[in-house]
Each structure stands twice: as C-alpha cells, then as structure tokens.
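Structure data (PDB, C-alpha atoms) from my_file_31.pdb:
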ATOM      1  CA  MET A   1     -24.487 -21.086 -14.888  1.00  0.00           C
ATOM      2  CA  ARG A   2     -24.298 -23.159 -18.051  1.00  0.00           C
ATOM      3  CA  MET A   3     -26.810 -25.208 -19.985  1.00  0.00           C
ATOM      4  CA  LEU A   4     -25.671 -27.494 -22.771  1.00  0.00           C
ATOM      5  CA  VAL A   5     -28.790 -27.812 -24.928  1.00  0.00           C
ATOM      6  CA  GLN A   6     -29.207 -30.674 -27.366  1.00  0.00           C
ATOM      7  CA  ARG A   7     -32.078 -30.810 -29.832  1.00  0.00           C
ATOM      8  CA  VAL A   8     -33.267 -34.408 -29.829  1.00  0.00           C
ATOM      9  CA  THR A   9     -35.905 -36.728 -31.221  1.00  0.00           C
ATOM     10  CA  GLU A  10     -35.773 -38.921 -28.133  1.00  0.00           C
ATOM     11  CA  ALA A  11     -34.094 -38.930 -24.737  1.00  0.00           C
ATOM     12  CA  SER A  12     -34.096 -40.764 -21.426  1.00  0.00           C
ATOM     13  CA  VAL A  13     -32.329 -40.750 -18.083  1.00  0.00           C
ATOM     14  CA  THR A  14     -31.936 -43.839 -15.900  1.00  0.00           C
ATOM     15  CA  VAL A  15     -30.562 -44.359 -12.388  1.00  0.00           C
ATOM     16  CA  ALA A  16     -29.742 -47.868 -11.123  1.00  0.00           C
ATOM     17  CA  GLY A  17     -31.940 -49.447 -13.792  1.00  0.00           C
ATOM     18  CA  GLU A  18     -34.933 -47.169 -13.068  1.00  0.00           C
ATOM     19  CA  THR A  19     -36.012 -44.866 -15.891  1.00  0.00           C
ATOM     20  CA  LEU A  20     -36.686 -41.485 -14.302  1.00  0.00           C
ATOM     21  CA  SER A  21     -37.648 -39.629 -17.481  1.00  0.00           C
ATOM     22  CA  ALA A  22     -38.088 -40.459 -21.154  1.00  0.00           C
ATOM     23  CA  PHE A  23     -39.739 -39.069 -24.242  1.00  0.00           C
ATOM     24  CA  THR A  24     -39.972 -39.677 -27.959  1.00  0.00           C
ATOM     25  CA  GLY A  25     -40.681 -36.765 -30.270  1.00  0.00           C
ATOM     26  CA  PRO A  26     -39.174 -33.333 -30.608  1.00  0.00           C
ATOM     27  CA  GLY A  27     -37.523 -31.960 -27.515  1.00  0.00           C
ATOM     28  CA  LEU A  28     -34.418 -30.940 -25.651  1.00  0.00           C
ATOM     29  CA  LEU A  29     -31.949 -32.772 -23.462  1.00  0.00           C
ATOM     30  CA  VAL A  30     -30.351 -30.121 -21.264  1.00  0.00           C
ATOM     31  CA  LEU A  31     -27.249 -30.600 -19.122  1.00  0.00           C
ATOM     32  CA  CYS A  32     -27.115 -27.954 -16.392  1.00  0.00           C
ATOM     33  CA  GLY A  33     -23.988 -26.867 -14.531  1.00  0.00           C
ATOM     34  CA  VAL A  34     -23.716 -24.405 -11.659  1.00  0.00           C
ATOM     35  CA  ALA A  35     -20.664 -22.337 -10.695  1.00  0.00           C
ATOM     36  CA  PRO A  36     -19.937 -20.737  -7.327  1.00  0.00           C
ATOM     37  CA  GLY A  37     -21.544 -17.322  -7.231  1.00  0.00           C
ATOM     38  CA  ASP A  38     -24.369 -18.141  -9.647  1.00  0.00           C
ATOM     39  CA  THR A  39     -27.649 -16.519  -8.661  1.00  0.00           C
ATOM     40  CA  PRO A  40     -31.370 -17.298  -8.815  1.00  0.00           C
ATOM     41  CA  ALA A  41     -31.703 -14.428 -11.318  1.00  0.00           C
ATOM     42  CA  GLN A  42     -29.209 -16.145 -13.624  1.00  0.00           C
ATOM     43  CA  ALA A  43     -31.121 -19.421 -13.315  1.00  0.00           C
ATOM     44  CA  ASP A  44     -34.379 -17.646 -14.195  1.00  0.00           C
ATOM     45  CA  LYS A  45     -32.745 -15.914 -17.169  1.00  0.00           C
ATOM     46  CA  LEU A  46     -31.370 -19.166 -18.576  1.00  0.00           C
ATOM     47  CA  CYS A  47     -34.687 -20.974 -18.160  1.00  0.00           C
ATOM     48  CA  ALA A  48     -36.517 -18.185 -19.994  1.00  0.00           C
ATOM     49  CA  LYS A  49     -33.951 -18.254 -22.794  1.00  0.00           C
ATOM     50  CA  LEU A  50     -34.138 -22.050 -23.023  1.00  0.00           C
ATOM     51  CA  LEU A  51     -37.911 -21.998 -23.487  1.00  0.00           C
ATOM     52  CA  LYS A  52     -37.687 -19.320 -26.209  1.00  0.00           C
ATOM     53  CA  LEU A  53     -34.579 -20.642 -27.985  1.00  0.00           C
ATOM     54  CA  ARG A  54     -35.555 -21.023 -31.649  1.00  0.00           C
ATOM     55  CA  ILE A  55     -33.684 -24.160 -32.723  1.00  0.00           C
ATOM     56  CA  PHE A  56     -36.472 -26.242 -34.256  1.00  0.00           C
ATOM     57  CA  GLU A  57     -37.145 -26.023 -37.965  1.00  0.00           C
ATOM     58  CA  ASP A  58     -40.155 -24.298 -39.472  1.00  0.00           C
ATOM     59  CA  GLU A  59     -41.868 -25.310 -42.736  1.00  0.00           C
ATOM     60  CA  ARG A  60     -39.013 -23.714 -44.731  1.00  0.00           C
ATOM     61  CA  GLY A  61     -36.339 -25.642 -42.837  1.00  0.00           C
ATOM     62  CA  ALA A  62     -35.079 -22.579 -40.941  1.00  0.00           C
ATOM     63  CA  MET A  63     -34.415 -22.789 -37.188  1.00  0.00           C
ATOM     64  CA  ASN A  64     -37.309 -20.570 -36.221  1.00  0.00           C
ATOM     65  CA  ARG A  65     -39.343 -22.459 -33.593  1.00  0.00           C
ATOM     66  CA  SER A  66     -38.892 -22.985 -29.869  1.00  0.00           C
ATOM     67  CA  VAL A  67     -39.572 -26.095 -27.837  1.00  0.00           C
ATOM     68  CA  LEU A  68     -42.860 -24.433 -26.836  1.00  0.00           C
ATOM     69  CA  ASP A  69     -43.778 -23.795 -30.472  1.00  0.00           C
ATOM     70  CA  VAL A  70     -43.338 -27.467 -31.380  1.00  0.00           C
ATOM     71  CA  GLY A  71     -44.979 -28.832 -28.206  1.00  0.00           C
ATOM     72  CA  GLY A  72     -41.724 -30.543 -27.304  1.00  0.00           C
ATOM     73  CA  SER A  73     -40.463 -32.087 -24.096  1.00  0.00           C
ATOM     74  CA  VAL A  74     -37.392 -31.278 -22.005  1.00  0.00           C
ATOM     75  CA  ILE A  75     -35.213 -33.403 -19.751  1.00  0.00           C
ATOM     76  CA  LEU A  76     -32.975 -31.386 -17.392  1.00  0.00           C
ATOM     77  CA  VAL A  77     -29.939 -33.182 -15.967  1.00  0.00           C
ATOM     78  CA  SER A  78     -27.484 -31.757 -13.421  1.00  0.00           C
ATOM     79  CA  GLN A  79     -23.942 -31.875 -14.813  1.00  0.00           C
ATOM     80  CA  PHE A  80     -21.125 -30.471 -12.673  1.00  0.00           C
ATOM     81  CA  THR A  81     -18.533 -31.539 -15.248  1.00  0.00           C
ATOM     82  CA  LEU A  82     -19.628 -28.622 -17.463  1.00  0.00           C
ATOM     83  CA  TYR A  83     -17.309 -26.617 -15.194  1.00  0.00           C
ATOM     84  CA  ALA A  84     -14.338 -28.977 -15.425  1.00  0.00           C
ATOM     85  CA  ASP A  85     -10.963 -27.253 -15.576  1.00  0.00           C
ATOM     86  CA  THR A  86      -8.890 -28.995 -18.244  1.00  0.00           C
ATOM     87  CA  ALA A  87      -6.268 -26.265 -18.721  1.00  0.00           C
ATOM     88  CA  SER A  88      -3.375 -28.240 -17.274  1.00  0.00           C
ATOM     89  CA  GLY A  89      -2.556 -31.889 -16.816  1.00  0.00           C
ATOM     90  CA  ASN A  90      -4.632 -34.807 -17.981  1.00  0.00           C
ATOM     91  CA  ARG A  91      -7.116 -35.064 -15.152  1.00  0.00           C
ATOM     92  CA  PRO A  92      -9.913 -32.479 -14.974  1.00  0.00           C
ATOM     93  CA  GLY A  93     -10.268 -30.389 -11.858  1.00  0.00           C
ATOM     94  CA  PHE A  94     -13.667 -29.445 -10.507  1.00  0.00           C
ATOM     95  CA  SER A  95     -12.936 -26.529  -8.184  1.00  0.00           C
ATOM     96  CA  THR A  96     -14.739 -24.240 -10.652  1.00  0.00           C
ATOM     97  CA  ALA A  97     -18.028 -26.126 -10.138  1.00  0.00           C
ATOM     98  CA  ALA A  98     -20.330 -25.171  -7.287  1.00  0.00           C
ATOM     99  CA  ARG A  99     -20.489 -27.420  -4.240  1.00  0.00           C
ATOM    100  CA  PRO A 100     -23.599 -29.627  -4.165  1.00  0.00           C
ATOM    101  CA  GLU A 101     -25.222 -27.753  -1.276  1.00  0.00           C
ATOM    102  CA  PHE A 102     -25.096 -24.567  -3.379  1.00  0.00           C
ATOM    103  CA  ALA A 103     -25.778 -26.103  -6.807  1.00  0.00           C
ATOM    104  CA  GLU A 104     -28.778 -28.283  -5.927  1.00  0.00           C
ATOM    105  CA  PRO A 105     -31.127 -25.435  -4.921  1.00  0.00           C
ATOM    106  CA  LEU A 106     -30.398 -23.612  -8.206  1.00  0.00           C
ATOM    107  CA  TYR A 107     -30.958 -26.812 -10.181  1.00  0.00           C
ATOM    108  CA  GLU A 108     -34.240 -27.351  -8.313  1.00  0.00           C
ATOM    109  CA  ARG A 109     -35.215 -23.747  -9.053  1.00  0.00           C
ATOM    110  CA  CYS A 110     -34.675 -24.409 -12.761  1.00  0.00           C
ATOM    111  CA  LEU A 111     -36.856 -27.506 -12.538  1.00  0.00           C
ATOM    112  CA  ALA A 112     -39.651 -25.578 -10.815  1.00  0.00           C
ATOM    113  CA  THR A 113     -39.441 -22.722 -13.310  1.00  0.00           C
ATOM    114  CA  LEU A 114     -39.535 -25.030 -16.318  1.00  0.00           C
ATOM    115  CA  ARG A 115     -42.266 -27.217 -14.806  1.00  0.00           C
ATOM    116  CA  ALA A 116     -44.497 -24.152 -14.394  1.00  0.00           C
ATOM    117  CA  THR A 117     -44.524 -23.807 -18.191  1.00  0.00           C
ATOM    118  CA  LEU A 118     -43.984 -27.359 -19.441  1.00  0.00           C
ATOM    119  CA  GLY A 119     -45.938 -29.363 -16.869  1.00  0.00           C
ATOM    120  CA  ASP A 120     -45.592 -33.092 -17.514  1.00  0.00           C
ATOM    121  CA  ARG A 121     -43.445 -32.412 -20.594  1.00  0.00           C
ATOM    122  CA  LEU A 122     -40.526 -31.782 -18.205  1.00  0.00           C
ATOM    123  CA  GLY A 123     -38.391 -34.664 -17.013  1.00  0.00           C
ATOM    124  CA  ALA A 124     -35.312 -34.696 -14.825  1.00  0.00           C
ATOM    125  CA  GLY A 125     -32.374 -36.677 -13.684  1.00  0.00           C
ATOM    126  CA  ARG A 126     -31.486 -37.116 -10.013  1.00  0.00           C
ATOM    127  CA  PHE A 127     -29.098 -34.562  -8.583  1.00  0.00           C
ATOM    128  CA  GLY A 128     -25.783 -36.123  -7.562  1.00  0.00           C
ATOM    129  CA  ALA A 129     -26.638 -39.590  -8.860  1.00  0.00           C
ATOM    130  CA  GLU A 130     -24.675 -41.576 -11.382  1.00  0.00           C
ATOM    131  CA  MET A 131     -26.999 -41.563 -14.370  1.00  0.00           C
ATOM    132  CA  GLU A 132     -27.255 -43.149 -17.778  1.00  0.00           C
ATOM    133  CA  VAL A 133     -28.387 -40.519 -20.251  1.00  0.00           C
ATOM    134  CA  ARG A 134     -29.462 -41.573 -23.717  1.00  0.00           C
ATOM    135  CA  LEU A 135     -30.366 -39.313 -26.591  1.00  0.00           C
ATOM    136  CA  LEU A 136     -30.811 -39.192 -30.313  1.00  0.00           C
ATOM    137  CA  ASN A 137     -29.423 -35.785 -31.283  1.00  0.00           C
ATOM    138  CA  HIS A 138     -31.280 -34.271 -34.223  1.00  0.00           C
ATOM    139  CA  GLY A 139     -29.110 -32.293 -36.605  1.00  0.00           C
ATOM    140  CA  PRO A 140     -26.842 -32.674 -34.727  1.00  0.00           C
ATOM    141  CA  ALA A 141     -27.731 -29.449 -32.997  1.00  0.00           C
ATOM    142  CA  THR A 142     -26.051 -28.569 -29.695  1.00  0.00           C
ATOM    143  CA  PHE A 143     -25.908 -25.108 -28.083  1.00  0.00           C
ATOM    144  CA  LEU A 144     -24.211 -23.692 -24.999  1.00  0.00           C
ATOM    145  CA  LEU A 145     -26.184 -21.144 -22.971  1.00  0.00           C
ATOM    146  CA  GLU A 146     -24.397 -19.182 -20.256  1.00  0.00           C
ATOM    147  CA  ALA A 147     -25.451 -16.557 -17.751  1.00  0.00           C
TER     148      ALA A 147
END
Full structure transcribed into structure tokens:
Amino acid sequence: MRMLVQRVTEASVTVAGETLSAFTGPGLLVLCGVAPGDTPAQADKLCAKLLKLRIFEDERGAMNRSVLDVGGSVILVSQFTLYADTASGNRPGFSTAARPEFAEPLYERCLATLRATLGDRLGAGRFGAEMEVRLLNHGPATFLLEA
C-alpha cells in the first residue's frame, strides 16, 4: 500500500462538477494506492503513520508537527496509478495495482480509520471516478509512505 502525502494550504476534489471535499488552511492531500496482497493491518499502519507524520513547521521553522498538532484537514483520494509499471515501453501498465473489488474495501477502511480521529476534517474522493483534484502544495513538501 502506498500513500503519496502532500502538505497543502488548500485542496479540493470534484467529480462531474460536484465538489465532494474542500478545505482551506493547513492540511494534507493524500493519494492512496493499493497493491494485490495488501492487508488491513498495512492500511491501519499507514493511517497511524499519516496522522503522526511530523511535516508541519513549529515556531522555529522545523518540521516537527503532525496534521493533528496543527488541527489540519485531510483529503484521501484513491489513486491506482501509484502502482503504474513504467519500466518498459511508453505506456504504463497497471497489473501491479489491485483490482477494484480488492482495493476499494482497503480504501474504505482507511477512510473509516481516519474519520474516527479527524471527524469532519476528513474529506474524500469517489473510488473509481474520474476526479479533478486541486491543491496548493506548501513547501513544496511531498512524501511517499509505504507499507
């Protein structure tokens, strides 16, 4: 399982002209990919790490605060292309990404786990939908978490 974490000052996700989630202020836009064989334990581990990841600046300018410490928001978006195989040719292959029927329950588990801590500060995309994702990356600061 992979999460591409972007520290942002604003983010939104829209499907067919409908804004599903949006926030302004400190937070994270997280793209979440699932591989075949990923487990609920891996999903739980990544969610715990995400919430504790100290990538927000403290009063000295050091990355020493988590999204919880700063009262930030999170938008979690499913992103199977995080497992694209680009080793050969010019067109990515996606056989290394989990099939939707396997990936969606793990994505939903992540949403439930994060919602239990963040409440209404958690937003989401729509699994399997074509989405427009907008963000203002702060830093820029982007991190890859894997389990």
Just need the box for range 88-102 of chain A, edges along x, y and z, holding every atom the file lists for it with 4 Å tacked onto each side, so centre and edge lengths in Å to one decimal, as JSON.
{"center_x": -13.9, "center_y": -29.7, "center_z": -9.6, "size_x": 30.7, "size_y": 18.8, "size_z": 24.7}
Using only C-alpha atoms, can you tell me which of A:Gln42, A:Ser95, A:Ser21, A:Asn90 comes closest to Asp120 in chain A? A:Ser21
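In this structure, CA of Arg134 in chain A sits 19.9 Å away from CA of Phe56 in chain A.
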Do you know which residues the PyMOL selection byres ((chain A and resi 2) around 7) returns on this file, as an MDAnalysis selection string? chainID A and resid 1 3:4 32:34 144:147
With C-alpha atoms retained, write the just-selected residues as a compact mmCIF listing (two decimals), in the frame of the given file.
# COMPACT_ATOMS: atom_id res chain seq x y z
CA MET A 1 -24.49 -21.09 -14.89
CA MET A 3 -26.81 -25.21 -19.98
CA LEU A 4 -25.67 -27.49 -22.77
CA CYS A 32 -27.12 -27.95 -16.39
CA GLY A 33 -23.99 -26.87 -14.53
CA VAL A 34 -23.72 -24.40 -11.66
CA LEU A 144 -24.21 -23.69 -25.00
CA LEU A 145 -26.18 -21.14 -22.97
CA GLU A 146 -24.40 -19.18 -20.26
CA ALA A 147 -25.45 -16.56 -17.75
Set the distance at 9 Å and use only C-alpha atoms: which residues neighbour Glu104 in chain A once local chain neighbours fewer than 4 positions away are removed? I'd like the list as a PDB file with C-alpha atoms, in the frame of the given file.
ATOM      1  CA  VAL A  34     -23.716 -24.405 -11.659  1.00  0.00           C
ATOM      2  CA  SER A  78     -27.484 -31.757 -13.421  1.00  0.00           C
ATOM      3  CA  ARG A  99     -20.489 -27.420  -4.240  1.00  0.00           C
ATOM      4  CA  PRO A 100     -23.599 -29.627  -4.165  1.00  0.00           C
ATOM      5  CA  GLU A 108     -34.240 -27.351  -8.313  1.00  0.00           C
ATOM      6  CA  ARG A 109     -35.215 -23.747  -9.053  1.00  0.00           C
ATOM      7  CA  PHE A 127     -29.098 -34.562  -8.583  1.00  0.00           C
ATOM      8  CA  GLY A 128     -25.783 -36.123  -7.562  1.00  0.00           C
TER       9      GLY A 128
END
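Counting all atoms listed in the file, the residue from A:Ser73, A:Ser66, A:Asn137, A:Thr117 that sits nearest to Ala22 in chain A is A:Ser73.
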To one decimal place, how far is CA of Leu28 in chain A from CA of Gln79 in chain A in Å? 15.1 Å
Report, in Å with one decimal, the straight-line distance from CA of Gly123 in chain A to CA of Ile55 in chain A. 19.5 Å
Considering all atoms listed in the file, can you say which of A:Glu10, A:Gly125, A:Leu76, A:His138 comes closest to Thr113 in chain A? A:Leu76
As a check of understanding, name the residues that the PyMOL selection byres ((chain A and resi 132) around 9) selects in the supplied structure, as number ranges by chain. A: 12-17, 130-131, 133-134
